[in-house]
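Undergrad: Structure supplied as run_37.csv; contents: CSV, C-alpha atoms.
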chain,number,residue,atom,x,y,z
B,719,MET,CA,-102.8,-102.3,20.3
B,720,LYS,CA,-102.7,-105.8,18.8
B,721,ILE,CA,-102.3,-108.6,21.3
B,722,ALA,CA,-102.0,-112.3,20.6
B,723,ILE,CA,-102.9,-115.0,23.1
B,724,ILE,CA,-101.2,-118.3,22.4
B,725,GLY,CA,-103.1,-121.1,24.2
B,726,ALA,CA,-106.3,-119.0,24.1
B,727,THR,CA,-108.6,-122.0,24.8
B,728,GLY,CA,-106.8,-123.2,27.9
B,729,LEU,CA,-107.6,-122.3,31.6
B,730,VAL,CA,-105.0,-119.6,31.7
B,731,GLY,CA,-105.6,-118.4,28.2
B,732,LYS,CA,-109.3,-117.8,28.9
B,733,GLU,CA,-108.4,-116.0,32.1
B,734,ILE,CA,-106.0,-113.8,30.1
B,735,LEU,CA,-108.9,-112.7,27.9
B,736,HIS,CA,-111.0,-111.9,31.0
B,737,VAL,CA,-108.2,-109.8,32.5
B,738,LEU,CA,-107.6,-107.9,29.2
B,739,GLN,CA,-111.3,-107.0,29.1
B,740,GLU,CA,-111.0,-105.6,32.6
B,741,SER,CA,-107.7,-103.7,31.9
B,742,ARG,CA,-107.6,-99.9,32.6
B,743,VAL,CA,-104.6,-99.6,30.3
B,744,PHE,CA,-105.8,-101.4,27.2
B,745,HIS,CA,-108.9,-99.6,25.9
B,746,GLU,CA,-109.0,-100.6,22.3
B,747,ILE,CA,-107.5,-104.0,21.5
B,748,GLU,CA,-107.4,-106.2,18.5
B,749,ILE,CA,-106.8,-109.8,19.7
B,750,PHE,CA,-105.3,-112.8,17.8
B,751,PRO,CA,-106.4,-116.0,19.6
B,752,VAL,CA,-104.1,-118.9,18.9
B,753,ALA,CA,-104.7,-122.6,19.8
B,754,SER,CA,-103.9,-126.1,18.6
B,755,SER,CA,-105.0,-127.3,15.1
B,756,LYS,CA,-108.2,-128.9,16.4
B,757,SER,CA,-109.4,-125.4,17.3
B,758,TYR,CA,-108.5,-123.6,14.1
B,759,GLY,CA,-111.4,-121.6,12.7
B,760,LYS,CA,-113.5,-121.8,15.8
B,761,GLU,CA,-114.7,-118.5,17.2
B,762,ILE,CA,-114.3,-117.0,20.6
B,763,PHE,CA,-115.8,-113.7,21.8
B,764,PHE,CA,-113.9,-110.8,23.1
B,765,GLU,CA,-115.8,-107.6,24.1
B,766,ASP,CA,-118.8,-109.0,22.3
B,767,ARG,CA,-116.9,-109.4,19.0
B,768,PRO,CA,-116.2,-112.7,17.4
B,769,TYR,CA,-112.6,-113.7,16.7
B,770,SER,CA,-111.5,-116.8,14.8
B,771,ILE,CA,-108.7,-119.0,16.3
B,772,ILE,CA,-105.7,-119.0,14.1
B,773,SER,CA,-102.3,-120.8,13.8
B,774,LEU,CA,-98.9,-119.6,15.0
B,775,PRO,CA,-97.7,-118.8,11.5
B,776,GLU,CA,-100.8,-116.8,10.8
B,777,CYS,CA,-100.2,-115.0,14.1
B,778,ILE,CA,-96.7,-114.0,13.1
B,779,GLU,CA,-98.0,-112.8,9.8
B,780,ALA,CA,-100.5,-110.6,11.6
B,781,ASN,CA,-97.6,-108.9,13.4
B,782,PRO,CA,-99.1,-108.3,16.8
B,783,ASP,CA,-97.4,-105.8,19.2
B,784,ILE,CA,-97.4,-108.3,22.1
B,785,ALA,CA,-97.9,-112.1,22.3
B,786,ILE,CA,-98.8,-113.7,25.6
B,787,PHE,CA,-97.9,-117.4,25.5
B,788,SER,CA,-99.6,-120.0,27.7
B,789,ALA,CA,-99.2,-123.1,25.6
B,790,GLY,CA,-96.4,-125.0,27.4
B,791,SER,CA,-92.6,-125.0,27.3
B,792,GLU,CA,-92.2,-126.9,24.0
B,793,THR,CA,-94.3,-124.4,22.1
B,794,SER,CA,-92.4,-121.4,23.7
B,795,LEU,CA,-89.0,-122.9,22.9
B,796,GLN,CA,-90.0,-123.6,19.4
B,797,TRP,CA,-91.5,-120.2,18.5
B,798,ALA,CA,-89.7,-117.6,20.7
B,799,GLU,CA,-87.1,-116.8,18.1
B,800,LYS,CA,-89.6,-116.4,15.3
B,801,PHE,CA,-91.7,-113.9,17.4
B,802,THR,CA,-88.8,-111.9,18.9
B,803,GLU,CA,-86.9,-111.6,15.5
B,804,ASN,CA,-90.1,-109.9,14.3
B,805,LYS,CA,-89.9,-107.5,17.3
B,806,ILE,CA,-93.0,-108.9,18.8
B,807,TYR,CA,-92.8,-108.6,22.6
B,808,MET,CA,-93.3,-112.2,23.9
B,809,ILE,CA,-94.5,-112.7,27.5
B,810,ASP,CA,-94.1,-116.4,28.3
B,811,ASN,CA,-96.1,-118.3,31.0
B,812,SER,CA,-94.2,-121.5,30.7
B,813,SER,CA,-91.0,-122.5,32.6
B,814,ALA,CA,-89.0,-122.6,29.3
B,815,TRP,CA,-87.2,-119.3,29.7
B,816,ARG,CA,-87.5,-118.4,33.4
B,817,MET,CA,-84.0,-119.3,34.5
B,818,LYS,CA,-82.2,-118.4,31.2
B,819,GLU,CA,-79.5,-115.8,31.8
B,820,GLY,CA,-80.4,-112.5,30.3
B,821,ILE,CA,-84.2,-113.2,30.2
B,822,PRO,CA,-86.0,-111.0,32.7
B,823,LEU,CA,-88.3,-112.9,35.1
B,824,ILE,CA,-90.9,-110.3,36.1
B,825,VAL,CA,-93.3,-109.5,38.8
B,826,PRO,CA,-94.0,-105.8,37.8
B,827,GLU,CA,-94.5,-104.5,41.4
B,828,ILE,CA,-91.1,-105.8,42.3
B,829,ASN,CA,-88.7,-105.7,39.3
B,830,GLY,CA,-90.6,-104.2,36.3
B,831,SER,CA,-88.0,-101.4,36.2
B,832,ILE,CA,-85.4,-103.8,34.6
B,833,LEU,CA,-87.5,-104.0,31.4
B,834,THR,CA,-86.3,-102.1,28.4
B,835,ARG,CA,-87.3,-101.5,24.8
B,836,LYS,CA,-85.0,-104.5,23.9
B,837,SER,CA,-86.9,-106.9,26.3
B,838,TYR,CA,-88.5,-108.8,23.5
B,839,LEU,CA,-88.7,-112.0,25.5
B,840,ILE,CA,-90.0,-111.8,29.1
B,841,ALA,CA,-90.7,-114.7,31.4
B,842,ASN,CA,-93.7,-114.9,33.7
B,843,PRO,CA,-92.9,-116.7,37.0
B,844,ASN,CA,-94.4,-119.8,38.4
B,845,CYS,CA,-97.8,-119.2,40.1
B,846,SER,CA,-96.7,-120.2,43.6
B,847,THR,CA,-93.5,-118.1,43.2
B,848,ILE,CA,-95.4,-114.9,42.2
B,849,GLN,CA,-97.6,-114.8,45.4
B,850,LEU,CA,-94.6,-115.7,47.6
B,851,VAL,CA,-92.2,-113.1,46.3
B,852,LEU,CA,-94.8,-110.3,46.4
B,853,ALA,CA,-95.1,-110.9,50.1
B,854,LEU,CA,-91.3,-111.4,50.6
B,855,ALA,CA,-89.9,-108.5,48.5
B,856,PRO,CA,-90.8,-105.5,50.8
B,857,LEU,CA,-89.7,-107.5,53.9
B,858,HIS,CA,-86.4,-108.4,52.2
B,859,ASN,CA,-85.8,-104.8,51.4
B,860,LYS,CA,-86.3,-103.9,55.1
B,861,TYR,CA,-84.9,-106.8,57.1
B,862,LYS,CA,-82.9,-108.9,54.6
B,863,ILE,CA,-84.0,-112.5,54.3
B,864,LYS,CA,-81.6,-115.3,55.3
B,865,ARG,CA,-83.9,-118.4,54.9
B,866,VAL,CA,-87.4,-119.3,53.9
B,867,VAL,CA,-89.3,-122.5,54.6
B,868,VAL,CA,-92.5,-122.7,52.6
B,869,SER,CA,-95.2,-125.4,52.3
B,870,THR,CA,-97.7,-124.8,49.5
B,871,TYR,CA,-101.3,-126.0,49.3
B,872,GLN,CA,-102.0,-125.7,45.6
B,873,SER,CA,-105.3,-126.0,43.8
B,874,VAL,CA,-106.0,-128.5,41.0
B,875,SER,CA,-106.6,-125.7,38.5
B,876,GLY,CA,-102.8,-125.2,38.5
B,877,SER,CA,-102.6,-128.5,36.8
B,878,GLY,CA,-105.1,-127.7,34.0
B,879,TYR,CA,-108.5,-128.9,32.8
B,880,LYS,CA,-107.8,-132.6,33.2
B,881,ALA,CA,-106.9,-132.2,36.9
B,882,VAL,CA,-110.1,-130.2,37.5
B,883,ALA,CA,-112.1,-132.8,35.6
B,884,GLN,CA,-110.6,-135.6,37.8
B,885,MET,CA,-111.5,-133.9,41.0
B,886,GLU,CA,-115.0,-133.0,39.9
B,887,SER,CA,-115.7,-136.6,38.6
B,888,GLU,CA,-114.5,-138.1,41.9
B,889,ARG,CA,-116.7,-135.6,43.8
B,890,LYS,CA,-119.8,-136.5,41.8
B,891,GLY,CA,-119.1,-140.3,41.9
B,892,GLU,CA,-118.8,-140.4,38.2
B,893,LYS,CA,-116.3,-142.4,36.0
B,894,VAL,CA,-112.9,-140.9,36.6
B,895,VAL,CA,-110.2,-140.3,34.0
B,896,MET,CA,-107.0,-140.1,36.2
B,897,PHE,CA,-104.7,-137.2,35.7
B,898,TYR,CA,-102.9,-137.5,39.1
B,899,PRO,CA,-101.4,-140.8,40.1
B,900,HIS,CA,-103.9,-140.9,43.1
B,901,PRO,CA,-107.4,-139.7,43.9
B,902,ILE,CA,-107.4,-135.9,44.7
B,903,ASP,CA,-110.8,-135.4,46.2
B,904,LEU,CA,-110.8,-135.9,50.0
B,905,ASN,CA,-107.0,-136.3,49.7
B,906,VAL,CA,-103.8,-134.3,49.5
B,907,LEU,CA,-100.8,-135.2,47.3
B,908,PRO,CA,-97.3,-134.2,48.4
B,909,HIS,CA,-96.4,-134.0,44.8
B,910,GLY,CA,-96.2,-131.1,42.4
B,911,GLY,CA,-94.2,-131.4,39.2
B,912,ASN,CA,-91.7,-134.1,38.5
B,913,PHE,CA,-89.5,-135.8,41.1
B,914,GLU,CA,-85.8,-135.0,40.8
B,915,ASP,CA,-82.9,-137.3,41.9
B,916,THR,CA,-82.6,-135.2,45.1
B,917,GLY,CA,-86.2,-136.2,46.2
B,918,TYR,CA,-87.4,-132.7,45.6
B,919,THR,CA,-89.9,-131.9,42.8
B,920,SER,CA,-89.4,-129.5,39.9
B,921,GLU,CA,-92.1,-127.2,41.5
B,922,GLU,CA,-90.1,-127.1,44.7
B,923,ILE,CA,-86.9,-126.3,42.9
B,924,LYS,CA,-88.6,-123.5,40.9
B,925,LEU,CA,-89.6,-121.8,44.2
B,926,LEU,CA,-86.0,-121.6,45.2
B,927,ASN,CA,-84.4,-120.6,41.9
B,928,GLU,CA,-87.1,-118.1,40.8
B,929,THR,CA,-87.3,-116.4,44.2
B,930,ARG,CA,-83.5,-115.8,44.1
B,931,LYS,CA,-83.7,-114.4,40.6
B,932,ILE,CA,-86.6,-112.1,41.1
B,933,LEU,CA,-85.3,-110.7,44.4
B,934,GLY,CA,-81.8,-110.5,43.0
B,935,ASP,CA,-80.1,-112.4,45.9
B,936,ASP,CA,-78.5,-115.8,45.5
B,937,ASN,CA,-77.7,-115.9,49.2
B,938,ILE,CA,-81.3,-116.5,50.1
B,939,GLN,CA,-81.8,-120.1,51.4
B,940,LEU,CA,-85.2,-121.6,50.6
B,941,THR,CA,-86.7,-125.0,51.1
B,942,ALA,CA,-90.1,-126.0,49.9
B,943,THR,CA,-92.7,-128.8,50.1
B,944,VAL,CA,-95.4,-128.6,47.4
B,945,VAL,CA,-98.8,-130.2,48.1
B,946,ARG,CA,-101.8,-130.5,45.8
B,947,VAL,CA,-105.1,-130.1,47.6
B,948,PRO,CA,-108.8,-130.7,46.6
B,949,VAL,CA,-109.5,-127.0,46.0
B,950,LYS,CA,-110.6,-125.8,42.5
B,951,ALA,CA,-108.9,-122.4,42.5
B,952,GLY,CA,-106.4,-120.5,44.7
B,953,HIS,CA,-103.0,-121.5,46.1
B,954,SER,CA,-102.2,-121.1,49.8
B,955,GLU,CA,-98.7,-121.0,51.3
B,956,ALA,CA,-97.5,-121.4,54.9
B,957,VAL,CA,-94.3,-119.3,55.0
B,958,ASN,CA,-91.6,-119.1,57.6
B,959,VAL,CA,-89.0,-116.4,57.1
B,960,GLU,CA,-85.8,-115.9,59.0
B,961,PHE,CA,-84.3,-112.4,58.6
B,962,GLU,CA,-80.8,-111.1,59.2
B,963,ASN,CA,-82.3,-108.3,61.3
B,964,ASP,CA,-84.9,-108.3,64.0
B,965,PHE,CA,-88.4,-106.8,63.1
B,966,ASP,CA,-91.4,-105.2,64.8
B,967,LEU,CA,-94.6,-107.1,64.0
B,968,ASP,CA,-96.7,-104.0,63.7
B,969,GLU,CA,-94.1,-102.6,61.3
B,970,VAL,CA,-94.2,-105.8,59.2
B,971,LYS,CA,-98.0,-105.4,59.0
B,972,ASN,CA,-97.7,-101.8,58.0
B,973,ILE,CA,-95.1,-102.5,55.3
B,974,LEU,CA,-97.3,-105.2,53.8
B,975,GLU,CA,-100.5,-103.0,54.0
B,976,ASN,CA,-98.6,-100.4,52.0
B,977,THR,CA,-97.3,-102.8,49.3
B,978,GLU,CA,-99.0,-102.6,45.9
B,979,GLY,CA,-100.9,-105.7,45.1
B,980,ILE,CA,-101.2,-107.0,48.7
B,981,ILE,CA,-104.2,-107.1,51.0
B,982,VAL,CA,-103.6,-107.9,54.7
B,983,GLU,CA,-106.3,-109.9,56.4
B,984,ASP,CA,-105.0,-110.5,59.9
B,985,ASP,CA,-107.7,-110.5,62.6
B,986,PRO,CA,-107.7,-114.1,63.8
B,987,VAL,CA,-109.8,-113.3,66.9
B,988,ASN,CA,-112.7,-112.5,64.5
B,989,HIS,CA,-111.7,-115.4,62.2
B,990,LYS,CA,-110.4,-113.1,59.5
B,991,TYR,CA,-107.5,-114.6,57.5
B,992,PRO,CA,-106.9,-115.4,53.8
B,993,MET,CA,-108.7,-118.3,52.2
B,994,PRO,CA,-108.7,-119.5,48.6
B,995,ILE,CA,-112.5,-119.6,48.4
B,996,TYR,CA,-112.6,-115.8,48.9
B,997,CYS,CA,-109.6,-114.9,46.7
B,998,GLU,CA,-111.0,-116.6,43.6
B,999,GLY,CA,-111.4,-114.0,40.8
B,1000,LYS,CA,-109.3,-111.4,42.6
B,1001,ASP,CA,-105.9,-110.0,41.4
B,1002,GLU,CA,-104.4,-109.3,44.8
B,1003,VAL,CA,-102.2,-111.5,47.0
B,1004,PHE,CA,-103.7,-111.9,50.5
B,1005,VAL,CA,-101.5,-112.2,53.6
B,1006,GLY,CA,-102.5,-113.1,57.2
B,1007,ARG,CA,-101.7,-115.1,60.3
B,1008,LEU,CA,-98.7,-112.8,60.9
B,1009,ARG,CA,-96.8,-113.9,64.0
B,1010,ARG,CA,-93.4,-114.2,65.4
B,1011,ASP,CA,-91.7,-117.6,65.4
B,1012,PHE,CA,-90.6,-118.0,69.0
B,1013,SER,CA,-88.5,-121.1,68.1
B,1014,ASN,CA,-86.0,-119.1,66.1
B,1015,PRO,CA,-84.6,-115.5,66.4
B,1016,ASN,CA,-85.7,-112.9,63.8
B,1017,SER,CA,-88.2,-115.3,62.3
B,1018,LEU,CA,-91.8,-114.6,61.0
B,1019,ASN,CA,-94.7,-116.9,60.1
B,1020,MET,CA,-97.3,-115.9,57.6
B,1021,TRP,CA,-100.1,-117.3,55.4
B,1022,VAL,CA,-100.2,-116.2,51.8
B,1023,VAL,CA,-103.1,-116.9,49.4
B,1024,ALA,CA,-103.8,-115.9,45.8
B,1025,ASP,CA,-105.9,-117.0,42.8
B,1026,ASN,CA,-103.3,-119.0,40.8
B,1027,LEU,CA,-105.1,-118.4,37.5
B,1028,ARG,CA,-105.2,-114.6,38.1
B,1029,LYS,CA,-102.2,-113.1,39.8
B,1030,GLY,CA,-100.4,-116.4,39.6
B,1031,ALA,CA,-100.6,-116.4,35.8
B,1032,ALA,CA,-103.0,-114.3,33.7
B,1033,THR,CA,-103.0,-111.1,35.7
B,1034,ASN,CA,-99.3,-111.0,36.1
B,1035,ALA,CA,-98.8,-111.6,32.4
B,1036,VAL,CA,-101.2,-108.8,31.5
B,1037,GLN,CA,-99.6,-106.5,34.1
B,1038,ILE,CA,-96.3,-107.0,32.3
B,1039,ALA,CA,-97.9,-106.0,29.0
B,1040,GLU,CA,-99.5,-103.0,30.7
B,1041,TYR,CA,-96.1,-102.0,32.1
B,1042,LEU,CA,-94.5,-102.1,28.7
B,1043,VAL,CA,-97.3,-99.8,27.4
B,1044,LYS,CA,-97.4,-97.4,30.3
B,1045,ASN,CA,-93.6,-96.9,30.2
B,1046,ARG,CA,-93.6,-96.6,26.4
B,1047,LEU,CA,-91.4,-99.6,25.9
B,1048,VAL,CA,-93.6,-101.0,23.2
How does this structure look as structure tokens?

TA:
Amino acid sequence: MKIAIIGATGLVGKEILHVLQESRVFHEIEIFPVASSKSYGKEIFFEDRPYSIISLPECIEANPDIAIFSAGSETSLQWAEKFTENKIYMIDNSSAWRMKEGIPLIVPEINGSILTRKSYLIANPNCSTIQLVLALAPLHNKYKIKRVVVSTYQSVSGSGYKAVAQMESERKGEKVVMFYPHPIDLNVLPHGGNFEDTGYTSEEIKLLNETRKILGDDNIQLTATVVRVPVKAGHSEAVNVEFENDFDLDEVKNILENTEGIIVEDDPVNHKYPMPIYCEGKDEVFVGRLRRDFSNPNSLNMWVVADNLRKGAATNAVQIAEYLVKNRLV
């Protein structure tokens, strides 16, 4: 199997390489690392073997089976047609294609079954959306969701190297190159993405639109507040869900415990609940603080945490590739 990683030197690109090495599906892989021109010819190691970083035209010429893109929307928009017309399956981590009609937006545990041999362009959802919908999907199937109110507490790694560098420089008292418009260490920023005319940010709008598309229900109402916090890795979400039908709390817990990709940590008496410091490096989505919302009928509160670089990006992208292979679609 020949797999290209476009954006191989970035935070997500490096994590994709780690996840591929851990894969139980891909046993023998030839990789094609692609990055910007300043990295051409440099070497990276994969399974103790050196690989030279190449350009996008060289990558197409090599004709990989699958290309996982993590190089931003502009690159994805520019190169998608060139890859797909060569029948290279393209899994895109950017927001470029997520809401395009006819382009599957995939979390394999939820809607991988919609993929076909002709799914040459596949969108990987936003990191905060992936962990949210993985927790919502089984509950929607059982009780039918009316409305979701979600506040996110997103780590700086979701913004890339420069954001991490800003926080670490502030923490060490070193000279700071600002990525965010304000300090991030010892602070929280109610700001993720770009502000729209409505007052909402692009990250908040993504949560609504992507959740509806993945769950296949445009009637779901969702409102979000995205907050950036001084945590290096791991996004957390406080989620309030109103259902059409009433629920039993023990049944909710049982449903989540039996959902692929979810680990329930819900023992508050013994201080057991999900935290980003313990989810780092893990592929699962962790759910806890399950409790009925007594202020509104048929409503549930929960706390959802995941490593944004793993399940929120790299792991989900590799799982899509694994799904294609396991189901003989590629």

Undergrad: Mind checking which residues fall within 12 Å of range 901-904 of chain B, counting only C-alpha atoms, ignoring those fewer than 2 positions away in the same chain, and posting them as a PyMOL selection string?

TA: chain B and resi 872-875+877+880-891+894-899+906-909+945-950

Undergrad: With a distance cut-off of 9 Å and only C-alpha atoms, select the neighbouring residues of range 808-819 of chain B, excluding the residue or stretch itself and same-chain residues fewer than 4 positions from it, and output the selection as a VMD selection string.

TA: chain B and resid 783 to 792 794 to 795 798 801 to 802 823 837 to 844 924 927 to 928 931 1031 to 1032 1035 to 1036 1038 to 1039

Undergrad: Given 6 Å on each side, where is the centre and what are the edge lengths in Å to one decimal of the axis-aligned box enclosing the listed atoms of range 767-786 of chain B, as JSON?

TA:
{"center_x": -106.8, "center_y": -113.3, "center_z": 17.7, "size_x": 32.2, "size_y": 27.0, "size_z": 27.8}

Undergrad: Nearest to Arg865 in chain B among B:Thr943, B:Gln849, B:Asn1045, B:Asn1014, with distances taken over only C-alpha atoms: which residue is it?

TA: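 That would be B:Asn1014, the residue with the smallest distance to Arg865 in chain B.
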
Undergrad: Name the closest residue to Gly917 in chain B among the candidates B:Ala942, B:Ile863, B:Glu892, B:Gly934; distances are taken between atoms, counting all atoms listed in the file.

TA: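 Looking at the shortest contact to Gly917 in chain B, the residue is B:Ala942.
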
Undergrad: Please identify all polymer residues within 12 Å of Ser869 in chain B, counting all atoms listed in the file, omitting same-chain residues fewer than 4 positions from it, and present them as an MDAnalysis selection string.

TA: chainID B and resid 846:847 850 908:910 921:922 925 940:947 953:959 1019:1023

Undergrad: Between B:Leu774, B:Leu1008, B:Leu857, B:Ala951, which has the minimum distance to Thr793 in chain B (counting all atoms listed in the file)?

TA: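 Under the stated criterion, the closest residue is B:Leu774.
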
Undergrad: Can you tell me, as an MDAnalysis selection string, what residues are no more than 12 Å from His858 in chain B when counting all atoms listed in the file, ignoring any on the same chain fewer than 4 positions away?

TA: chainID B and resid 828 850:854 862:866 929:930 932:935 937:938 959:965 970 973:974

Undergrad: At a cut-off of 6 Å from (-107.7, -109.7, 51.3) in the coordinates of the file, what residues are picked up using only C-alpha atoms, written as an MDAnalysis selection string?

TA: chainID B and resid 981:983 1004

Undergrad: Output requested as an mmCIF file, keeping the file's coordinate frame - range 893-920 of chain B, filled out with N, CA and C atoms.

TA:
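What ended up in rebuild_14.cif:
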data_model
loop_
_atom_site.group_PDB
_atom_site.id
_atom_site.type_symbol
_atom_site.label_atom_id
_atom_site.label_comp_id
_atom_site.auth_asym_id
_atom_site.auth_seq_id
_atom_site.Cartn_x
_atom_site.Cartn_y
_atom_site.Cartn_z
ATOM 1 N N LYS B 893 -117.516 -141.732 36.551
ATOM 2 C CA LYS B 893 -116.300 -142.400 36.000
ATOM 3 C C LYS B 893 -115.189 -141.413 35.939
ATOM 4 N N VAL B 894 -114.022 -141.812 36.433
ATOM 5 C CA VAL B 894 -112.900 -140.900 36.600
ATOM 6 C C VAL B 894 -111.816 -141.209 35.534
ATOM 7 N N VAL B 895 -111.374 -140.174 34.833
ATOM 8 C CA VAL B 895 -110.200 -140.300 34.000
ATOM 9 C C VAL B 895 -109.046 -139.674 34.840
ATOM 10 N N MET B 896 -108.088 -140.511 35.224
ATOM 11 C CA MET B 896 -107.000 -140.100 36.200
ATOM 12 C C MET B 896 -106.021 -139.174 35.513
ATOM 13 N N PHE B 897 -105.802 -138.033 36.108
ATOM 14 C CA PHE B 897 -104.700 -137.200 35.700
ATOM 15 C C PHE B 897 -103.564 -137.305 36.722
ATOM 16 N N TYR B 898 -103.903 -137.257 37.997
ATOM 17 C CA TYR B 898 -102.900 -137.500 39.100
ATOM 18 C C TYR B 898 -102.735 -138.983 39.284
ATOM 19 N N PRO B 899 -101.629 -139.387 39.902
ATOM 20 C CA PRO B 899 -101.400 -140.800 40.100
ATOM 21 C C PRO B 899 -102.296 -141.391 41.245
ATOM 22 N N HIS B 900 -103.012 -140.522 41.982
ATOM 23 C CA HIS B 900 -103.900 -140.900 43.100
ATOM 24 C C HIS B 900 -105.154 -140.105 43.050
ATOM 25 N N PRO B 901 -106.194 -140.521 43.774
ATOM 26 C CA PRO B 901 -107.400 -139.700 43.900
ATOM 27 C C PRO B 901 -106.967 -138.313 44.541
ATOM 28 N N ILE B 902 -107.665 -137.250 44.159
ATOM 29 C CA ILE B 902 -107.400 -135.900 44.700
ATOM 30 C C ILE B 902 -108.501 -135.444 45.612
ATOM 31 N N ASP B 903 -109.752 -135.791 45.309
ATOM 32 C CA ASP B 903 -110.800 -135.400 46.200
ATOM 33 C C ASP B 903 -110.731 -136.099 47.526
ATOM 34 N N LEU B 904 -110.944 -135.380 48.626
ATOM 35 C CA LEU B 904 -110.800 -135.900 50.000
ATOM 36 C C LEU B 904 -109.388 -136.439 50.240
ATOM 37 N N ASN B 905 -108.417 -135.829 49.573
ATOM 38 C CA ASN B 905 -107.000 -136.300 49.700
ATOM 39 C C ASN B 905 -106.098 -135.115 49.510
ATOM 40 N N VAL B 906 -104.846 -135.280 49.888
ATOM 41 C CA VAL B 906 -103.800 -134.300 49.500
ATOM 42 C C VAL B 906 -102.614 -135.080 48.990
ATOM 43 N N LEU B 907 -101.974 -134.518 47.966
ATOM 44 C CA LEU B 907 -100.800 -135.200 47.300
ATOM 45 C C LEU B 907 -99.582 -134.356 47.535
ATOM 46 N N PRO B 908 -98.584 -134.894 48.231
ATOM 47 C CA PRO B 908 -97.300 -134.200 48.400
ATOM 48 C C PRO B 908 -96.455 -134.260 47.178
ATOM 49 N N HIS B 909 -97.000 -133.764 46.076
ATOM 50 C CA HIS B 909 -96.400 -134.000 44.800
ATOM 51 C C HIS B 909 -96.839 -132.935 43.808
ATOM 52 N N GLY B 910 -95.891 -132.087 43.398
ATOM 53 C CA GLY B 910 -96.200 -131.100 42.400
ATOM 54 C C GLY B 910 -95.014 -130.993 41.428
ATOM 55 N N GLY B 911 -95.262 -131.297 40.157
ATOM 56 C CA GLY B 911 -94.200 -131.400 39.200
ATOM 57 C C GLY B 911 -93.578 -132.754 39.154
ATOM 58 N N ASN B 912 -92.374 -132.856 38.626
ATOM 59 C CA ASN B 912 -91.700 -134.100 38.500
ATOM 60 C C ASN B 912 -90.642 -134.296 39.590
ATOM 61 N N PHE B 913 -90.487 -135.516 40.103
ATOM 62 C CA PHE B 913 -89.500 -135.800 41.100
ATOM 63 C C PHE B 913 -88.081 -135.783 40.548
ATOM 64 N N GLU B 914 -87.182 -135.081 41.226
ATOM 65 C CA GLU B 914 -85.800 -135.000 40.800
ATOM 66 C C GLU B 914 -85.002 -136.126 41.613
ATOM 67 N N ASP B 915 -83.719 -136.323 41.251
ATOM 68 C CA ASP B 915 -82.900 -137.300 41.900
ATOM 69 C C ASP B 915 -82.694 -136.951 43.417
ATOM 70 N N THR B 916 -82.817 -135.673 43.740
ATOM 71 C CA THR B 916 -82.600 -135.200 45.100
ATOM 72 C C THR B 916 -83.817 -135.564 46.018
ATOM 73 N N GLY B 917 -84.941 -135.974 45.408
ATOM 74 C CA GLY B 917 -86.200 -136.200 46.200
ATOM 75 C C GLY B 917 -87.102 -135.029 46.160
ATOM 76 N N TYR B 918 -86.592 -133.878 45.716
ATOM 77 C CA TYR B 918 -87.400 -132.700 45.600
ATOM 78 C C TYR B 918 -88.140 -132.754 44.209
ATOM 79 N N THR B 919 -89.234 -132.009 44.097
ATOM 80 C CA THR B 919 -89.900 -131.900 42.800
ATOM 81 C C THR B 919 -89.497 -130.682 42.058
ATOM 82 N N SER B 920 -89.793 -130.682 40.767
ATOM 83 C CA SER B 920 -89.400 -129.500 39.900
ATOM 84 C C SER B 920 -90.155 -128.264 40.423
#
